[in-house]
Structure formats: structure tokens, C-alpha cells
Amino acid sequence: MQCVYCVMPILVGLVWLAAGGGKGKRRMPVWLTVVTIATLVIYTAFTGATASVVRAAIMGVILLVAPLVGRRYDPLAALAVAAAGMVLLDPYVLADAGFQLSYLAMLGITTLAPLIYEFSKRLRLPAAVGLPVATTLAAQAATLPLGILLTGQFSVISPLATLTADISLLPLMLSGIVTAFIGLVPAVSALGAVSGAVAWLSASWLLWWVQFWASLPFASVQVDGFVPVYSALYYVTLFPAVWLLADVRRKSRFAALWPRIKPIALGFTAVAVWGIAITLLFLR
């Protein structure tokens, strides 16, 4: 459900622009931002406020507030702020698998996805294909060793399963929210049948693909003897590779060193923190 937090602020902005609100203005009205943030808070509580959902909600709030204070939204900075705030309030969240997977996936999407998407453009793939493929592969690459540590298995079909299932995720969540709100108003409750049908079709699509991929005999491979040290070595290799690829892509000089170092610095920090958390988790 956390994807809705990444999309909802963007959808609100598009609706505002379509209504003419963007003419001669640089940001959304404060009242609309407050309403959207309140909706995020309510929806977070409604979904149980799990670690991954809270992370997504915080980043969504930062995305909405950044223009109000005259700042450009930086996903890496937003990710760091969300992590710091959650750990400050509850240090034990570091041992939460949802927290670990969510932050690693977002870190991968932020740092790896642009490189993969640029490669897809060289292959002349349309954006409708290149963007979801880049996002999926980046998230999978960033969470691969942690997934093996937690489950003891390597998923062979995970990228394909994610791509086919994600198609229905956003319409499922949005139609579900619309159906719930329409149901609260008796005068228009009949309209809920339309949004409810969209939710049903989306859920059916999602469940069918989940069952299909899970039924394949080669869906996953058992991995024995995979210890946290292997995970640390993987990330120590991954983030420098991202740095080098980004350096080649940007062709930047020494004066622009920090923008190139930032992803790897955040990556090493995340690896150190999560490495400790995972080690403590497995030593219990």
C-alpha cells in the first residue's frame, strides 16, 4: 500500500494544475497541502502504520512541504530524514524487516533506477516500459541479499512478478479509497458500484498473477549458508559501482565531488546501520 504515498502528492498536483492553479504560481495553496497531509496521516493510521507505510508517508509529506519552504525535493535527503525520525522515535524499528526492505528498496530506486532507465533509453525502449522496468530492477537489486537472509530463498521470478502485479496496485488502492468514501454518503452510494468494479478487477488481476508466479516449480531456489557478512560484501560492492557509473554518466569534475559521493555515503551508512540491526536480529 505504500506506493500510494509516492503517487498521491503527484496526483494532487496534477489535479491542481489541470484546474488552472498552476498559472502564475510556483506551489500549491497551503490549504490543499494541509488537506493532503491530513489525508496521508489518516490513511497511515487506517493501514496500521507499519514501518514501510510510515516511511512512505513521511517522504510524501516532505514532497508536499518542500515547495512551501522554497526547497527542491531531494529523495535521498527525504529518505534520510524519514529514517532518522523513525529511528529516533523507536530505535527497535531497525530490526523490523519491513523497515529494512522498504528503505533498501527506496535507496535502490533513487540511486540505481536512473542508471537503468538511461540504459533502457539507449535500447530505445518506450518510457512506459523503461520506467517500471528500471524501478523494479533497482528495488530488486537493492533488496536481494536481505531477502535471502530473511527467507533463505532466492526468488527467480521476483522481477516479473513485481512488474505484472504492480500494474493493478495503484488502481486497486485508489478505487478502494473512492469506494470507501462513496459508501459513507447514502445519496451517491450507488456510484460505489462503478469504483467497486474497478477495485474487484484490479484485485483479481493482482491475485491471478501472484498465484501464477507462485505455482511455477522454479519460482525460488533454496540458499543455504548465506550469512550477514555476504550481505555486507554485496553492498560494499554495489554502492561503489553505482558511484562509478554515475560518475561516468555525469562526466563531472572534482569540484562536483559531493553530488557523486552522496549516494555512496548514504549507502555505506545504511549498510552499517542495517548490518548491525540484522546481526542483532539473528543473534536473538
# chains A, B, ... in the order shown; residues from 1 in each chain; ligands from 1
>>> residues_around(residues="Ala49 (chain A)", least_positions_apart="3", cutoff="12 Å", atoms="only C-alpha atoms", output="VMD selection string")
chain A and resid 1 to 2 40 to 46 52 to 58 86 98 to 99
>>> write_last_selection(atoms="N, CA, C and O atoms", output="compact mmCIF listing (two decimals), in the first residue's frame")
# COMPACT_ATOMS: atom_id res chain seq x y z
N MET A 1 0.80 -1.21 0.00
CA MET A 1 0.00 0.00 0.00
C MET A 1 0.84 1.27 0.00
O MET A 1 0.34 2.36 -0.24
N GLN A 2 2.12 1.13 0.28
CA GLN A 2 2.92 2.34 0.45
C GLN A 2 3.08 3.12 -0.84
O GLN A 2 3.37 4.32 -0.81
N LEU A 40 -2.99 11.78 4.25
CA LEU A 40 -1.90 10.82 4.40
C LEU A 40 -1.84 10.29 5.83
O LEU A 40 -1.65 9.09 6.05
N VAL A 41 -1.98 11.18 6.80
CA VAL A 41 -1.92 10.77 8.20
C VAL A 41 -3.06 9.81 8.53
O VAL A 41 -2.86 8.76 9.17
N ILE A 42 -4.26 10.14 8.08
CA ILE A 42 -5.43 9.29 8.35
C ILE A 42 -5.25 7.93 7.68
O ILE A 42 -5.53 6.89 8.28
N TYR A 43 -4.78 7.95 6.44
CA TYR A 43 -4.62 6.69 5.71
C TYR A 43 -3.52 5.84 6.34
O TYR A 43 -3.61 4.61 6.37
N THR A 44 -2.47 6.48 6.85
CA THR A 44 -1.41 5.74 7.54
C THR A 44 -1.96 5.02 8.76
O THR A 44 -1.67 3.84 9.00
N ALA A 45 -2.74 5.73 9.56
CA ALA A 45 -3.35 5.12 10.74
C ALA A 45 -4.32 4.01 10.34
O ALA A 45 -4.38 2.96 10.99
N PHE A 46 -5.06 4.22 9.25
CA PHE A 46 -6.04 3.24 8.79
C PHE A 46 -5.39 1.94 8.37
O PHE A 46 -5.93 0.85 8.56
N SER A 52 7.05 0.35 6.79
CA SER A 52 7.19 0.74 5.39
C SER A 52 6.19 1.81 5.00
O SER A 52 6.50 2.72 4.21
N VAL A 53 4.97 1.73 5.55
CA VAL A 53 3.95 2.72 5.23
C VAL A 53 4.30 4.08 5.86
O VAL A 53 4.13 5.12 5.23
N VAL A 54 4.79 4.06 7.08
CA VAL A 54 5.19 5.31 7.75
C VAL A 54 6.32 5.97 6.98
O VAL A 54 6.33 7.19 6.78
N ARG A 55 7.29 5.17 6.52
CA ARG A 55 8.39 5.72 5.72
C ARG A 55 7.87 6.43 4.47
O ARG A 55 8.26 7.55 4.16
N ALA A 56 6.96 5.77 3.77
CA ALA A 56 6.41 6.35 2.55
C ALA A 56 5.61 7.62 2.86
O ALA A 56 5.64 8.59 2.11
N ALA A 57 4.87 7.60 3.97
CA ALA A 57 4.07 8.77 4.34
C ALA A 57 4.95 9.96 4.67
O ALA A 57 4.66 11.10 4.26
N ILE A 58 6.04 9.74 5.39
CA ILE A 58 6.95 10.84 5.74
C ILE A 58 7.55 11.44 4.48
O ILE A 58 7.63 12.67 4.33
N MET A 86 12.21 8.07 12.29
CA MET A 86 11.62 6.82 12.77
C MET A 86 12.52 6.14 13.80
O MET A 86 12.04 5.62 14.81
N GLY A 98 10.24 -5.05 7.56
CA GLY A 98 9.56 -4.13 6.66
C GLY A 98 10.32 -2.82 6.52
O GLY A 98 10.41 -2.25 5.43
N PHE A 99 10.88 -2.34 7.63
CA PHE A 99 11.70 -1.12 7.61
C PHE A 99 12.93 -1.33 6.74
O PHE A 99 13.26 -0.50 5.89
>>> residues_around(residues="Gly225 (chain A)", least_positions_apart="6", cutoff="12 Å", atoms="only C-alpha atoms", output="PyMOL selection string")
chain A and resi 148-149+152-153+231
>>> atom_distance(atom1="CA of Ala138 (chain A)", atom2="CA of Leu112 (chain A)")
5.3 Å
>>> residues_around(residues="Leu169 (chain A)", least_positions_apart="2", cutoff="12 Å", atoms="only C-alpha atoms", output="PDB file with N, CA and C atoms, in the first residue's frame")
ATOM      1  N   MET A   1       0.802  -1.213   0.000  1.00  0.00           N
ATOM      2  CA  MET A   1       0.000   0.000   0.000  1.00  0.00           C
ATOM      3  C   MET A   1       0.840   1.271   0.000  1.00  0.00           C
ATOM      4  N   GLN A   2       2.119   1.135   0.284  1.00  0.00           N
ATOM      5  CA  GLN A   2       2.923   2.336   0.450  1.00  0.00           C
ATOM      6  C   GLN A   2       3.082   3.119  -0.840  1.00  0.00           C
ATOM      7  N   CYS A   3       2.870   2.497  -2.022  1.00  0.00           N
ATOM      8  CA  CYS A   3       3.037   3.212  -3.287  1.00  0.00           C
ATOM      9  C   CYS A   3       2.103   4.400  -3.393  1.00  0.00           C
ATOM     10  N   VAL A   4       0.957   4.323  -2.724  1.00  0.00           N
ATOM     11  CA  VAL A   4       0.005   5.426  -2.811  1.00  0.00           C
ATOM     12  C   VAL A   4       0.600   6.714  -2.274  1.00  0.00           C
ATOM     13  N   VAL A   7       2.555   8.455  -4.963  1.00  0.00           N
ATOM     14  CA  VAL A   7       1.761   8.919  -6.091  1.00  0.00           C
ATOM     15  C   VAL A   7       0.758   9.987  -5.686  1.00  0.00           C
ATOM     16  N   THR A 162       6.744  -8.785  -9.847  1.00  0.00           N
ATOM     17  CA  THR A 162       6.535  -7.403  -9.425  1.00  0.00           C
ATOM     18  C   THR A 162       5.962  -6.552 -10.549  1.00  0.00           C
ATOM     19  N   LEU A 163       6.527  -6.710 -11.746  1.00  0.00           N
ATOM     20  CA  LEU A 163       6.056  -5.922 -12.886  1.00  0.00           C
ATOM     21  C   LEU A 163       4.598  -6.202 -13.211  1.00  0.00           C
ATOM     22  N   THR A 164       4.215  -7.471 -13.239  1.00  0.00           N
ATOM     23  CA  THR A 164       2.840  -7.818 -13.605  1.00  0.00           C
ATOM     24  C   THR A 164       1.850  -7.459 -12.507  1.00  0.00           C
ATOM     25  N   ALA A 165       2.270  -7.564 -11.257  1.00  0.00           N
ATOM     26  CA  ALA A 165       1.353  -7.255 -10.152  1.00  0.00           C
ATOM     27  C   ALA A 165       1.195  -5.757  -9.949  1.00  0.00           C
ATOM     28  N   ASP A 166       2.279  -5.009 -10.150  1.00  0.00           N
ATOM     29  CA  ASP A 166       2.238  -3.564  -9.884  1.00  0.00           C
ATOM     30  C   ASP A 166       1.303  -2.809 -10.815  1.00  0.00           C
ATOM     31  N   ILE A 167       0.998  -3.401 -11.967  1.00  0.00           N
ATOM     32  CA  ILE A 167       0.092  -2.737 -12.908  1.00  0.00           C
ATOM     33  C   ILE A 167      -1.255  -2.448 -12.251  1.00  0.00           C
ATOM     34  N   PRO A 171      -4.427   1.399  -9.316  1.00  0.00           N
ATOM     35  CA  PRO A 171      -5.882   1.484  -9.485  1.00  0.00           C
ATOM     36  C   PRO A 171      -6.649   0.759  -8.386  1.00  0.00           C
ATOM     37  N   LEU A 172      -6.067  -0.313  -7.842  1.00  0.00           N
ATOM     38  CA  LEU A 172      -6.724  -1.025  -6.751  1.00  0.00           C
ATOM     39  C   LEU A 172      -6.835  -0.144  -5.513  1.00  0.00           C
ATOM     40  N   MET A 173      -5.750   0.532  -5.153  1.00  0.00           N
ATOM     41  CA  MET A 173      -5.762   1.364  -3.958  1.00  0.00           C
ATOM     42  C   MET A 173      -6.668   2.579  -4.140  1.00  0.00           C
ATOM     43  N   LEU A 174      -6.548   3.236  -5.281  1.00  0.00           N
ATOM     44  CA  LEU A 174      -7.343   4.449  -5.499  1.00  0.00           C
ATOM     45  C   LEU A 174      -8.833   4.135  -5.590  1.00  0.00           C
ATOM     46  N   SER A 175      -9.190   3.065  -6.321  1.00  0.00           N
ATOM     47  CA  SER A 175     -10.604   2.696  -6.428  1.00  0.00           C
ATOM     48  C   SER A 175     -11.145   2.225  -5.090  1.00  0.00           C
ATOM     49  N   GLY A 176     -10.306   1.577  -4.292  1.00  0.00           N
ATOM     50  CA  GLY A 176     -10.736   1.163  -2.963  1.00  0.00           C
ATOM     51  C   GLY A 176     -11.021   2.341  -2.055  1.00  0.00           C
ATOM     52  N   VAL A 198     -14.043  -1.570 -10.447  1.00  0.00           N
ATOM     53  CA  VAL A 198     -12.632  -1.337 -10.786  1.00  0.00           C
ATOM     54  C   VAL A 198     -11.727  -1.984  -9.736  1.00  0.00           C
ATOM     55  N   ALA A 199     -12.110  -1.843  -8.472  1.00  0.00           N
ATOM     56  CA  ALA A 199     -11.325  -2.455  -7.394  1.00  0.00           C
ATOM     57  C   ALA A 199     -11.319  -3.977  -7.520  1.00  0.00           C
ATOM     58  N   TRP A 200     -12.473  -4.551  -7.862  1.00  0.00           N
ATOM     59  CA  TRP A 200     -12.576  -6.010  -7.996  1.00  0.00           C
ATOM     60  C   TRP A 200     -11.719  -6.513  -9.148  1.00  0.00           C
ATOM     61  N   LEU A 201     -11.774  -5.822 -10.294  1.00  0.00           N
ATOM     62  CA  LEU A 201     -10.976  -6.229 -11.447  1.00  0.00           C
ATOM     63  C   LEU A 201      -9.480  -6.109 -11.141  1.00  0.00           C
ATOM     64  N   SER A 202      -9.103  -5.036 -10.464  1.00  0.00           N
ATOM     65  CA  SER A 202      -7.693  -4.838 -10.118  1.00  0.00           C
ATOM     66  C   SER A 202      -7.207  -5.915  -9.153  1.00  0.00           C
ATOM     67  N   ALA A 203      -8.029  -6.223  -8.153  1.00  0.00           N
ATOM     68  CA  ALA A 203      -7.658  -7.255  -7.183  1.00  0.00           C
ATOM     69  C   ALA A 203      -7.586  -8.630  -7.844  1.00  0.00           C
ATOM     70  N   SER A 204      -8.491  -8.900  -8.768  1.00  0.00           N
ATOM     71  CA  SER A 204      -8.483 -10.180  -9.474  1.00  0.00           C
ATOM     72  C   SER A 204      -7.214 -10.337 -10.306  1.00  0.00           C
ATOM     73  N   TRP A 205      -6.838  -9.255 -10.993  1.00  0.00           N
ATOM     74  CA  TRP A 205      -5.594  -9.267 -11.772  1.00  0.00           C
ATOM     75  C   TRP A 205      -4.402  -9.538 -10.862  1.00  0.00           C
ATOM     76  N   LEU A 206      -4.328  -8.848  -9.743  1.00  0.00           N
ATOM     77  CA  LEU A 206      -3.211  -9.000  -8.812  1.00  0.00           C
ATOM     78  C   LEU A 206      -3.123 -10.427  -8.280  1.00  0.00           C
ATOM     79  N   LEU A 207      -4.252 -10.974  -7.825  1.00  0.00           N
ATOM     80  CA  LEU A 207      -4.256 -12.316  -7.250  1.00  0.00           C
ATOM     81  C   LEU A 207      -3.920 -13.378  -8.292  1.00  0.00           C
ATOM     82  N   TRP A 209      -1.988 -13.135 -10.973  1.00  0.00           N
ATOM     83  CA  TRP A 209      -0.567 -13.153 -11.266  1.00  0.00           C
ATOM     84  C   TRP A 209       0.250 -13.688 -10.090  1.00  0.00           C
TER      85      TRP A 209
END
>>> closest_residue(among="A:Leu89, A:Arg72, A:Val65, A:Leu79", to="Thr111 (chain A)", atoms="only C-alpha atoms")
A:Leu79
>>> residues_around(residues="Gln140 (chain A)", least_positions_apart="4", cutoff="8 Å", atoms="only C-alpha atoms", output="compact mmCIF listing (two decimals) with N, CA and C atoms, in the first residue's frame")
# COMPACT_ATOMS: atom_id res chain seq x y z
N ALA A 105 14.89 -0.76 -0.69
CA ALA A 105 14.23 -0.65 -1.99
C ALA A 105 14.21 0.79 -2.47
N GLY A 108 17.62 1.89 -3.53
CA GLY A 108 17.94 1.35 -4.85
C GLY A 108 17.23 2.11 -5.96
N THR A 136 11.71 -1.51 -10.97
CA THR A 136 11.64 -2.87 -10.43
C THR A 136 13.01 -3.48 -10.26
N LEU A 144 18.08 -7.66 -2.68
CA LEU A 144 18.37 -9.08 -2.95
C LEU A 144 18.99 -9.83 -1.77
N SER A 158 10.93 -12.98 -9.19
CA SER A 158 10.52 -11.78 -8.47
C SER A 158 10.36 -10.54 -9.36
N PRO A 159 11.31 -10.22 -10.28
CA PRO A 159 11.12 -9.03 -11.12
C PRO A 159 9.87 -9.12 -11.99
>>> decode(residues="region 208-240 of chain A", atoms="N, CA and C atoms", output="PDB file, in the first residue's frame")
ATOM      1  N   TRP A 208      -4.410 -13.181  -9.519  1.00  0.00           N
ATOM      2  CA  TRP A 208      -4.140 -14.178 -10.556  1.00  0.00           C
ATOM      3  C   TRP A 208      -2.660 -14.278 -10.840  1.00  0.00           C
ATOM      4  N   TRP A 209      -1.988 -13.135 -10.973  1.00  0.00           N
ATOM      5  CA  TRP A 209      -0.567 -13.153 -11.266  1.00  0.00           C
ATOM      6  C   TRP A 209       0.250 -13.688 -10.090  1.00  0.00           C
ATOM      7  N   VAL A 210      -0.158 -13.335  -8.878  1.00  0.00           N
ATOM      8  CA  VAL A 210       0.544 -13.862  -7.697  1.00  0.00           C
ATOM      9  C   VAL A 210       0.460 -15.383  -7.664  1.00  0.00           C
ATOM     10  N   GLN A 211      -0.727 -15.917  -7.892  1.00  0.00           N
ATOM     11  CA  GLN A 211      -0.909 -17.366  -7.884  1.00  0.00           C
ATOM     12  C   GLN A 211      -0.166 -18.030  -9.045  1.00  0.00           C
ATOM     13  N   PHE A 212      -0.163 -17.367 -10.198  1.00  0.00           N
ATOM     14  CA  PHE A 212       0.516 -17.943 -11.360  1.00  0.00           C
ATOM     15  C   PHE A 212       2.015 -18.058 -11.123  1.00  0.00           C
ATOM     16  N   TRP A 213       2.646 -16.966 -10.687  1.00  0.00           N
ATOM     17  CA  TRP A 213       4.095 -17.000 -10.496  1.00  0.00           C
ATOM     18  C   TRP A 213       4.480 -17.939  -9.353  1.00  0.00           C
ATOM     19  N   ALA A 214       3.659 -17.967  -8.300  1.00  0.00           N
ATOM     20  CA  ALA A 214       3.967 -18.842  -7.163  1.00  0.00           C
ATOM     21  C   ALA A 214       3.821 -20.317  -7.526  1.00  0.00           C
ATOM     22  N   SER A 215       3.013 -20.630  -8.524  1.00  0.00           N
ATOM     23  CA  SER A 215       2.771 -22.033  -8.891  1.00  0.00           C
ATOM     24  C   SER A 215       3.892 -22.620  -9.738  1.00  0.00           C
ATOM     25  N   LEU A 216       4.789 -21.784 -10.271  1.00  0.00           N
ATOM     26  CA  LEU A 216       5.866 -22.290 -11.109  1.00  0.00           C
ATOM     27  C   LEU A 216       6.863 -23.084 -10.270  1.00  0.00           C
ATOM     28  N   PRO A 217       7.322 -24.232 -10.759  1.00  0.00           N
ATOM     29  CA  PRO A 217       8.239 -25.072  -9.961  1.00  0.00           C
ATOM     30  C   PRO A 217       9.595 -24.418  -9.724  1.00  0.00           C
ATOM     31  N   PHE A 218      10.009 -23.488 -10.583  1.00  0.00           N
ATOM     32  CA  PHE A 218      11.316 -22.849 -10.447  1.00  0.00           C
ATOM     33  C   PHE A 218      11.200 -21.435  -9.878  1.00  0.00           C
ATOM     34  N   ALA A 219      10.107 -21.141  -9.178  1.00  0.00           N
ATOM     35  CA  ALA A 219       9.868 -19.782  -8.688  1.00  0.00           C
ATOM     36  C   ALA A 219      10.949 -19.309  -7.723  1.00  0.00           C
ATOM     37  N   SER A 220      11.503 -20.213  -6.938  1.00  0.00           N
ATOM     38  CA  SER A 220      12.537 -19.827  -5.971  1.00  0.00           C
ATOM     39  C   SER A 220      13.536 -20.961  -5.808  1.00  0.00           C
ATOM     40  N   VAL A 221      14.718 -20.588  -5.361  1.00  0.00           N
ATOM     41  CA  VAL A 221      15.797 -21.544  -5.147  1.00  0.00           C
ATOM     42  C   VAL A 221      16.256 -21.439  -3.699  1.00  0.00           C
ATOM     43  N   GLN A 222      16.382 -22.572  -3.034  1.00  0.00           N
ATOM     44  CA  GLN A 222      16.836 -22.596  -1.644  1.00  0.00           C
ATOM     45  C   GLN A 222      18.308 -22.210  -1.567  1.00  0.00           C
ATOM     46  N   VAL A 223      18.632 -21.275  -0.657  1.00  0.00           N
ATOM     47  CA  VAL A 223      20.008 -20.824  -0.460  1.00  0.00           C
ATOM     48  C   VAL A 223      20.408 -21.129   0.978  1.00  0.00           C
ATOM     49  N   ASP A 224      21.390 -21.991   1.134  1.00  0.00           N
ATOM     50  CA  ASP A 224      21.857 -22.382   2.470  1.00  0.00           C
ATOM     51  C   ASP A 224      23.200 -21.726   2.778  1.00  0.00           C
ATOM     52  N   GLY A 225      23.401 -21.402   4.044  1.00  0.00           N
ATOM     53  CA  GLY A 225      24.685 -20.873   4.484  1.00  0.00           C
ATOM     54  C   GLY A 225      24.926 -19.417   4.150  1.00  0.00           C
ATOM     55  N   PHE A 226      23.862 -18.681   3.812  1.00  0.00           N
ATOM     56  CA  PHE A 226      24.021 -17.253   3.497  1.00  0.00           C
ATOM     57  C   PHE A 226      23.984 -16.467   4.810  1.00  0.00           C
ATOM     58  N   VAL A 227      25.091 -15.825   5.159  1.00  0.00           N
ATOM     59  CA  VAL A 227      25.221 -15.124   6.438  1.00  0.00           C
ATOM     60  C   VAL A 227      25.279 -13.620   6.195  1.00  0.00           C
ATOM     61  N   PRO A 228      25.057 -12.802   7.239  1.00  0.00           N
ATOM     62  CA  PRO A 228      25.070 -11.336   7.068  1.00  0.00           C
ATOM     63  C   PRO A 228      26.344 -10.778   6.465  1.00  0.00           C
ATOM     64  N   VAL A 229      27.479 -11.453   6.649  1.00  0.00           N
ATOM     65  CA  VAL A 229      28.736 -10.969   6.075  1.00  0.00           C
ATOM     66  C   VAL A 229      28.646 -10.907   4.554  1.00  0.00           C
ATOM     67  N   TYR A 230      28.006 -11.894   3.949  1.00  0.00           N
ATOM     68  CA  TYR A 230      27.844 -11.900   2.496  1.00  0.00           C
ATOM     69  C   TYR A 230      27.002 -10.707   2.036  1.00  0.00           C
ATOM     70  N   SER A 231      25.995 -10.401   2.832  1.00  0.00           N
ATOM     71  CA  SER A 231      25.148  -9.253   2.515  1.00  0.00           C
ATOM     72  C   SER A 231      25.959  -7.960   2.548  1.00  0.00           C
ATOM     73  N   ALA A 232      26.802  -7.811   3.573  1.00  0.00           N
ATOM     74  CA  ALA A 232      27.631  -6.610   3.685  1.00  0.00           C
ATOM     75  C   ALA A 232      28.594  -6.492   2.500  1.00  0.00           C
ATOM     76  N   LEU A 233      29.195  -7.608   2.097  1.00  0.00           N
ATOM     77  CA  LEU A 233      30.104  -7.598   0.953  1.00  0.00           C
ATOM     78  C   LEU A 233      29.375  -7.200  -0.333  1.00  0.00           C
ATOM     79  N   TYR A 234      28.148  -7.643  -0.466  1.00  0.00           N
ATOM     80  CA  TYR A 234      27.348  -7.302  -1.649  1.00  0.00           C
ATOM     81  C   TYR A 234      27.152  -5.795  -1.740  1.00  0.00           C
ATOM     82  N   TYR A 235      26.773  -5.174  -0.621  1.00  0.00           N
ATOM     83  CA  TYR A 235      26.516  -3.737  -0.643  1.00  0.00           C
ATOM     84  C   TYR A 235      27.802  -2.929  -0.762  1.00  0.00           C
ATOM     85  N   VAL A 236      28.892  -3.428  -0.187  1.00  0.00           N
ATOM     86  CA  VAL A 236      30.180  -2.739  -0.309  1.00  0.00           C
ATOM     87  C   VAL A 236      30.628  -2.718  -1.767  1.00  0.00           C
ATOM     88  N   THR A 237      30.200  -3.708  -2.532  1.00  0.00           N
ATOM     89  CA  THR A 237      30.495  -3.745  -3.963  1.00  0.00           C
ATOM     90  C   THR A 237      29.492  -2.929  -4.766  1.00  0.00           C
ATOM     91  N   LEU A 238      28.217  -2.996  -4.382  1.00  0.00           N
ATOM     92  CA  LEU A 238      27.151  -2.356  -5.154  1.00  0.00           C
ATOM     93  C   LEU A 238      27.268  -0.838  -5.174  1.00  0.00           C
ATOM     94  N   PHE A 239      27.421  -0.223  -4.010  1.00  0.00           N
ATOM     95  CA  PHE A 239      27.384   1.237  -3.952  1.00  0.00           C
ATOM     96  C   PHE A 239      28.586   1.905  -4.623  1.00  0.00           C
ATOM     97  N   PRO A 240      29.812   1.377  -4.486  1.00  0.00           N
ATOM     98  CA  PRO A 240      30.896   1.960  -5.289  1.00  0.00           C
ATOM     99  C   PRO A 240      30.652   1.827  -6.791  1.00  0.00           C
TER     100      PRO A 240
END
